[in-house]
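Okay, coords-v8.cif now, which holds mmCIF, C-alpha atoms:
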```
data_start
#
loop_
_atom_site.group_PDB
_atom_site.id
_atom_site.type_symbol
_atom_site.label_atom_id
_atom_site.label_comp_id
_atom_site.auth_asym_id
_atom_site.auth_seq_id
_atom_site.Cartn_x
_atom_site.Cartn_y
_atom_site.Cartn_z
ATOM 1 C CA MET A 1 80.563 86.005 87.990
ATOM 2 C CA THR A 2 82.701 85.665 91.098
ATOM 3 C CA ALA A 3 86.056 83.960 91.297
ATOM 4 C CA VAL A 4 84.430 81.135 93.245
ATOM 5 C CA ARG A 5 81.757 80.265 90.630
ATOM 6 C CA ARG A 6 83.697 79.818 87.419
ATOM 7 C CA PRO A 7 82.751 76.959 85.084
ATOM 8 C CA LEU A 8 86.193 76.219 83.632
ATOM 9 C CA PRO A 9 87.826 74.976 86.858
ATOM 10 C CA VAL A 10 84.817 72.721 87.506
ATOM 11 C CA LEU A 11 85.029 71.188 84.023
ATOM 12 C CA LEU A 12 88.761 70.678 84.379
ATOM 13 C CA ALA A 13 88.332 69.011 87.772
ATOM 14 C CA TRP A 14 85.772 66.546 86.400
ATOM 15 C CA ALA A 15 87.990 65.811 83.394
ATOM 16 C CA VAL A 16 90.871 64.971 85.708
ATOM 17 C CA VAL A 17 88.636 62.766 87.879
ATOM 18 C CA ALA A 18 87.411 60.890 84.782
ATOM 19 C CA ALA A 19 90.970 60.395 83.485
ATOM 20 C CA LEU A 20 92.106 59.224 86.914
ATOM 21 C CA ALA A 21 89.290 56.668 87.086
ATOM 22 C CA LEU A 22 90.106 55.346 83.606
ATOM 23 C CA SER A 23 93.800 55.080 84.397
ATOM 24 C CA ALA A 24 93.058 53.008 87.492
ATOM 25 C CA TRP A 25 91.465 50.350 85.265
ATOM 26 C CA GLY A 26 94.162 47.790 84.530
ATOM 27 C CA PRO A 27 97.402 49.787 84.881
ATOM 28 C CA ARG A 28 100.604 47.970 83.966
ATOM 29 C CA ASP A 29 101.886 48.231 87.519
ATOM 30 C CA ARG A 30 99.528 49.092 90.355
ATOM 31 C CA THR A 31 102.268 50.364 92.693
ATOM 32 C CA THR A 32 103.730 52.609 90.004
ATOM 33 C CA TRP A 33 100.259 53.932 89.211
ATOM 34 C CA PHE A 34 99.764 54.955 92.831
ATOM 35 C CA LEU A 35 103.219 56.509 93.204
ATOM 36 C CA GLU A 36 102.806 58.572 90.032
ATOM 37 C CA THR A 37 99.224 59.696 90.645
ATOM 38 C CA VAL A 38 99.434 60.345 94.391
ATOM 39 C CA TRP A 39 100.099 64.023 93.622
ATOM 40 C CA VAL A 40 96.740 64.162 91.847
ATOM 41 C CA LEU A 41 94.975 62.143 94.537
ATOM 42 C CA VAL A 42 96.160 64.619 97.181
ATOM 43 C CA GLY A 43 96.303 67.842 95.177
ATOM 44 C CA LEU A 44 92.828 67.856 93.634
ATOM 45 C CA PRO A 45 90.908 67.469 96.937
ATOM 46 C CA LEU A 46 93.179 70.099 98.501
ATOM 47 C CA ILE A 47 92.332 72.602 95.764
ATOM 48 C CA VAL A 48 88.623 71.857 96.118
ATOM 49 C CA LEU A 49 88.688 72.259 99.899
ATOM 50 C CA THR A 50 90.532 75.587 99.769
ATOM 51 C CA TRP A 51 88.846 76.965 96.643
ATOM 52 C CA ARG A 52 86.346 79.291 98.293
ATOM 53 C CA ARG A 53 89.080 80.925 100.354
ATOM 54 C CA PHE A 54 91.852 80.767 97.751
ATOM 55 C CA PRO A 55 90.574 80.398 94.149
ATOM 56 C CA LEU A 56 93.232 79.917 91.483
ATOM 57 C CA THR A 57 93.593 81.663 88.150
ATOM 58 C CA ASP A 58 92.229 79.938 85.050
ATOM 59 C CA LEU A 59 95.755 79.739 83.645
ATOM 60 C CA LEU A 60 96.994 77.818 86.660
ATOM 61 C CA CYS A 61 93.923 75.564 86.640
ATOM 62 C CA CYS A 62 94.509 74.649 82.984
ATOM 63 C CA LEU A 63 98.190 73.939 83.557
ATOM 64 C CA LEU A 64 97.492 71.860 86.657
ATOM 65 C CA ALA A 65 94.928 69.818 84.715
ATOM 66 C CA VAL A 66 97.400 69.185 81.876
ATOM 67 C CA HIS A 67 100.100 68.208 84.366
ATOM 68 C CA ALA A 68 97.662 65.867 86.096
ATOM 69 C CA LEU A 69 96.960 64.154 82.769
ATOM 70 C CA VAL A 70 100.699 63.753 82.143
ATOM 71 C CA LEU A 71 101.071 62.092 85.555
ATOM 72 C CA ILE A 72 97.997 59.926 85.023
ATOM 73 C CA VAL A 73 99.178 58.631 81.640
ATOM 74 C CA GLY A 74 102.641 57.962 83.036
ATOM 75 C CA GLY A 75 101.120 56.142 85.982
ATOM 76 C CA HIS A 76 98.912 53.937 83.809
ATOM 77 C CA TYR A 77 101.572 52.823 81.335
ATOM 78 C CA THR A 78 104.738 53.578 83.400
ATOM 79 C CA TYR A 79 106.866 56.383 81.971
ATOM 80 C CA ALA A 80 109.209 54.056 80.093
ATOM 81 C CA GLN A 81 106.332 52.370 78.236
ATOM 82 C CA VAL A 82 103.948 55.188 77.249
ATOM 83 C CA PRO A 83 102.905 54.400 73.626
ATOM 84 C CA LEU A 84 103.234 58.013 72.470
ATOM 85 C CA GLY A 85 106.793 58.077 73.803
ATOM 86 C CA ASP A 86 107.566 54.827 71.964
ATOM 87 C CA TRP A 87 106.268 56.397 68.752
ATOM 88 C CA VAL A 88 108.456 59.489 69.226
ATOM 89 C CA ARG A 89 111.458 57.273 69.991
ATOM 90 C CA ASP A 90 110.978 55.234 66.820
ATOM 91 C CA MET A 91 110.157 58.257 64.666
ATOM 92 C CA PHE A 92 113.301 60.185 65.607
ATOM 93 C CA GLY A 93 115.611 57.231 66.234
ATOM 94 C CA LEU A 94 116.080 57.960 69.937
ATOM 95 C CA ASP A 95 117.711 55.493 72.313
ATOM 96 C CA ARG A 96 114.953 55.741 74.941
ATOM 97 C CA ASN A 97 111.307 56.584 75.459
ATOM 98 C CA PRO A 98 111.344 60.387 75.988
ATOM 99 C CA TYR A 99 108.058 60.623 77.905
ATOM 100 C CA ASP A 100 109.965 60.718 81.201
ATOM 101 C CA ARG A 101 111.949 63.748 80.004
ATOM 102 C CA PHE A 102 108.714 65.459 78.975
ATOM 103 C CA GLY A 103 107.233 64.698 82.390
ATOM 104 C CA HIS A 104 110.142 66.409 84.135
ATOM 105 C CA LEU A 105 109.921 69.419 81.837
ATOM 106 C CA MET A 106 106.310 69.703 82.991
ATOM 107 C CA GLN A 107 107.510 69.233 86.572
ATOM 108 C CA GLY A 108 109.269 72.567 86.195
ATOM 109 C CA PHE A 109 106.897 74.373 83.824
ATOM 110 C CA VAL A 110 103.645 73.968 85.767
ATOM 111 C CA PRO A 111 104.920 74.319 89.357
ATOM 112 C CA ALA A 112 106.608 77.560 88.278
ATOM 113 C CA VAL A 113 103.199 79.140 87.702
ATOM 114 C CA LEU A 114 101.900 77.624 90.952
ATOM 115 C CA VAL A 115 104.845 78.957 92.964
ATOM 116 C CA ARG A 116 104.620 82.327 91.228
ATOM 117 C CA GLU A 117 100.923 82.601 92.077
ATOM 118 C CA LEU A 118 101.448 81.663 95.716
ATOM 119 C CA LEU A 119 104.329 84.109 96.128
ATOM 120 C CA SER A 120 102.521 86.912 94.278
ATOM 121 C CA ARG A 121 99.423 86.601 96.432
ATOM 122 C CA THR A 122 100.862 85.795 99.855
ATOM 123 C CA SER A 123 104.122 87.749 99.965
ATOM 124 C CA PRO A 124 105.504 91.202 99.082
ATOM 125 C CA LEU A 125 107.299 89.756 96.031
ATOM 126 C CA ARG A 126 104.678 90.851 93.477
ATOM 127 C CA GLY A 127 106.441 93.164 91.057
ATOM 128 C CA SER A 128 109.868 92.444 92.546
ATOM 129 C CA ARG A 129 112.823 91.391 90.402
ATOM 130 C CA TRP A 130 113.356 88.574 92.913
ATOM 131 C CA LEU A 131 110.087 86.844 92.023
ATOM 132 C CA ALA A 132 111.386 85.128 88.882
ATOM 133 C CA PRO A 133 114.659 83.701 90.258
ATOM 134 C CA LEU A 134 113.045 82.593 93.519
ATOM 135 C CA THR A 135 110.296 80.847 91.546
ATOM 136 C CA VAL A 136 112.848 78.940 89.477
ATOM 137 C CA CYS A 137 114.859 78.064 92.593
ATOM 138 C CA ALA A 138 111.744 76.725 94.327
ATOM 139 C CA CYS A 139 110.947 74.505 91.343
ATOM 140 C CA LEU A 140 114.499 73.174 91.181
ATOM 141 C CA ALA A 141 114.382 72.463 94.918
ATOM 142 C CA PHE A 142 111.116 70.556 94.468
ATOM 143 C CA SER A 143 112.680 68.536 91.639
ATOM 144 C CA ALA A 144 115.624 67.648 93.877
ATOM 145 C CA VAL A 145 113.255 66.539 96.649
ATOM 146 C CA PHE A 146 111.344 64.416 94.142
ATOM 147 C CA GLU A 147 114.592 62.734 93.058
ATOM 148 C CA MET A 148 115.339 61.949 96.696
ATOM 149 C CA LEU A 149 111.894 60.395 97.002
ATOM 150 C CA GLU A 150 112.699 58.245 93.965
ATOM 151 C CA TRP A 151 115.985 57.288 95.601
ATOM 152 C CA ALA A 152 114.111 56.293 98.768
ATOM 153 C CA ALA A 153 111.679 54.225 96.689
ATOM 154 C CA ALA A 154 114.605 52.459 95.035
ATOM 155 C CA VAL A 155 116.215 51.672 98.398
ATOM 156 C CA ILE A 156 112.975 50.385 99.889
ATOM 157 C CA GLY A 157 111.496 48.658 96.848
ATOM 158 C CA GLY A 158 114.629 47.390 95.113
ATOM 159 C CA GLN A 159 113.926 46.072 91.632
ATOM 160 C CA ALA A 160 110.197 46.531 92.227
ATOM 161 C CA ALA A 161 110.771 50.300 91.956
ATOM 162 C CA ASP A 162 112.351 50.130 88.490
ATOM 163 C CA ALA A 163 109.114 51.017 86.705
ATOM 164 C CA PHE A 164 108.696 54.055 88.959
ATOM 165 C CA LEU A 165 112.262 55.253 88.438
ATOM 166 C CA ALA A 166 112.111 54.876 84.628
ATOM 167 C CA THR A 167 115.876 55.339 84.321
ATOM 168 C CA GLN A 168 115.969 53.130 81.217
ATOM 169 C CA GLY A 169 119.620 52.332 81.845
ATOM 170 C CA ASP A 170 120.796 55.962 82.003
ATOM 171 C CA VAL A 171 123.236 56.483 84.892
ATOM 172 C CA TRP A 172 122.728 60.264 84.569
ATOM 173 C CA ASP A 173 118.931 60.045 84.680
ATOM 174 C CA THR A 174 118.655 61.950 87.979
ATOM 175 C CA GLN A 175 120.736 64.840 86.670
ATOM 176 C CA TRP A 176 118.780 64.926 83.415
ATOM 177 C CA ASP A 177 115.505 64.993 85.341
ATOM 178 C CA MET A 178 116.538 67.998 87.411
ATOM 179 C CA PHE A 179 117.958 69.770 84.368
ATOM 180 C CA CYS A 180 114.666 69.268 82.499
ATOM 181 C CA ALA A 181 112.755 70.694 85.466
ATOM 182 C CA LEU A 182 115.106 73.694 85.506
ATOM 183 C CA ILE A 183 114.561 74.320 81.795
ATOM 184 C CA GLY A 184 110.789 73.945 82.184
ATOM 185 C CA ALA A 185 110.631 76.409 85.089
ATOM 186 C CA THR A 186 112.813 78.952 83.304
ATOM 187 C CA VAL A 187 110.775 78.802 80.098
ATOM 188 C CA SER A 188 107.547 79.056 82.088
ATOM 189 C CA VAL A 189 108.673 82.226 83.874
ATOM 190 C CA LEU A 190 109.832 83.794 80.611
ATOM 191 C CA VAL A 191 106.736 82.874 78.585
ATOM 192 C CA MET A 192 103.856 82.896 81.067
ATOM 193 C CA SER A 193 104.578 85.805 83.411
ATOM 194 C CA ARG A 194 102.783 88.556 81.496
ATOM 195 C CA LEU A 195 99.619 86.500 80.937
ATOM 196 C CA HIS A 196 99.773 85.310 84.526
ATOM 197 C CA ASP A 197 99.968 88.884 85.835
ATOM 198 C CA ARG A 198 96.863 89.856 83.853
ATOM 199 C CA GLN A 199 94.945 86.922 85.275
ATOM 200 C CA LEU A 200 96.108 87.716 88.794
ATOM 201 C CA ASP A 201 94.838 91.274 88.379
ATOM 202 C CA GLY A 202 91.518 89.999 87.027
ATOM 203 C CA LEU A 203 91.154 87.507 89.854
ATOM 204 C CA CYS A 204 91.719 90.244 92.421
ATOM 205 C CA VAL A 205 89.083 92.431 90.771
ATOM 206 C CA THR A 206 86.402 89.745 90.430
ATOM 207 C CA SER A 207 86.851 88.546 93.995
ATOM 208 C CA SER A 208 87.339 92.056 95.430
ATOM 209 C CA CYS A 209 90.602 90.661 96.809
ATOM 210 C CA SER A 210 88.578 88.753 99.414
ATOM 211 C CA GLY A 211 90.161 85.374 100.042
ATOM 212 C CA ALA A 212 92.471 85.899 97.082
ATOM 213 C CA GLY A 213 95.526 85.498 99.222
ATOM 214 C CA SER A 214 96.729 89.006 100.057
ATOM 215 C CA THR A 215 98.760 89.298 103.210
ATOM 216 C CA GLY A 216 96.955 92.449 104.262
ATOM 217 C CA ALA A 217 93.233 93.022 104.534
ATOM 218 C CA GLY A 218 91.852 94.739 101.472
ATOM 219 C CA ARG A 219 95.292 94.943 99.865
ATOM 220 C CA THR A 220 95.193 94.881 96.074
ATOM 221 C CA SER A 221 97.814 93.388 93.773
ATOM 222 C CA THR A 222 97.881 95.383 90.588
ATOM 223 C CA ARG A 223 100.795 95.967 88.279
ATOM 224 C CA GLY A 224 100.713 99.656 89.126
ATOM 225 C CA THR A 225 101.432 99.005 92.796
ATOM 226 C CA ARG A 226 104.934 99.874 93.894
ATOM 227 C CA PRO A 227 106.773 96.676 94.863
ATOM 228 C CA LEU A 228 107.849 96.334 98.476
ATOM 229 C CA LEU A 229 111.124 94.741 97.393
ATOM 230 C CA PRO A 230 113.518 96.037 94.726
#
```

What do you get writing this file as structure tokens?
Amino acid sequence: MTAVRRPLPVLLAWAVVAALALSAWGPRDRTTWFLETVWVLVGLPLIVLTWRRFPLTDLLCCLLAVHALVLIVGGHYTYAQVPLGDWVRDMFGLDRNPYDRFGHLMQGFVPAVLVRELLSRTSPLRGSRWLAPLTVCACLAFSAVFEMLEWAAAVIGGQAADAFLATQGDVWDTQWDMFCALIGATVSVLVMSRLHDRQLDGLCVTSSCSGAGSTGAGRTSTRGTRPLLP
């Protein structure tokens, strides 16, 4: 079986499409639904279009699908009103719906694997000690950009953007969001790196490193290769 014809990514893609279609049926706020799910609406077709040239590992596909579902649920209910978050709030006596915090943890955890895969396959960072910190920094930078997008939405939309911001009255919500993304990215690098490396090696073998994203023709990316950076 080649890296291009794997059943799991196909099943995950259809699951995300089905969830996206269901979430579009009667969301609590149509604008918020679009703003929260636009990453899925753009990202999924992009992955499909580039798949034959740049197939992703199964680990990354699974994480991207889970992250897409988190975004889809948040878009349908708005992050401050997700029923599961209300249940957690009431169960533990919290002062706010924590689904937004969970969403920003995922905003660091999943992109960390995505960034790590892109850097490992398209740069000389594979096996370098710089890969982990640069991955975390990239995720934190993305989180900061996302917060600026939320700020722009607030300036343009005024009170209409409240459901999208989901601050729930917390003046430190922006800082908490970025901190959660930082924690998520750090945990992801610490927990997922070894499994991710094995899948990267397997992907290179099954695809003969053709279209797998190496910067040099025929270049392999195994753990035994001497890193080009310290």

Return as lines of an AutoDock Vina configuration file the box centre and box size in Å, one decimal, for an axis-aligned box around all listed atoms of region 43-58 of chain A padded by 5 Å per side.
```
center_x = 91.3
center_y = 74.6
center_z = 92.7
size_x = 20.0
size_y = 24.2
size_z = 25.3
```

- [ ] I would like the residues chosen by the PyMOL selection byres ((chain A and resi 35) around 10) on the shown file; could you give them as a list in words?
- [x]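 This file gives the following for the PyMOL selection byres ((chain A and resi 35) around 10): Arg30, Thr31, Thr32, Trp33, Phe34, Glu36, Thr37, Val38, Trp39, Leu71, Gly75, Glu150, Ala153, Ala161 and Phe164 of chain A.
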
TODO: Let me know the residues the PyMOL selection byres ((chain A and resi 12-17) around 12) catches in the file above, as a VMD selection string.
DONE: chain A and resid 6 to 11 18 to 24 37 40 to 41 43 to 48 51 58 to 73

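Here CA of Val155 (chain A) stands at a distance of 28.1 Å from CA of Ile183 (chain A).
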
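Relative to CA of Thr135 (chain A), CA of Leu119 (chain A) is found at 8.2 Å.
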
Task: Who sits within 10 Å of region 82-91 of chain A, all atoms listed in the file, same chain under 6 positions skipped, as a ChimeraX atom specification - done: /A:73-76,97-102

TODO: Using all atoms listed in the file, give me every residue within 12 Å of (111.4, 76.5, 93.7) in file coordinates, as a ChimeraX atom specification.
DONE: /A:107-116,118-119,131-145,178,181-182,184-186,189
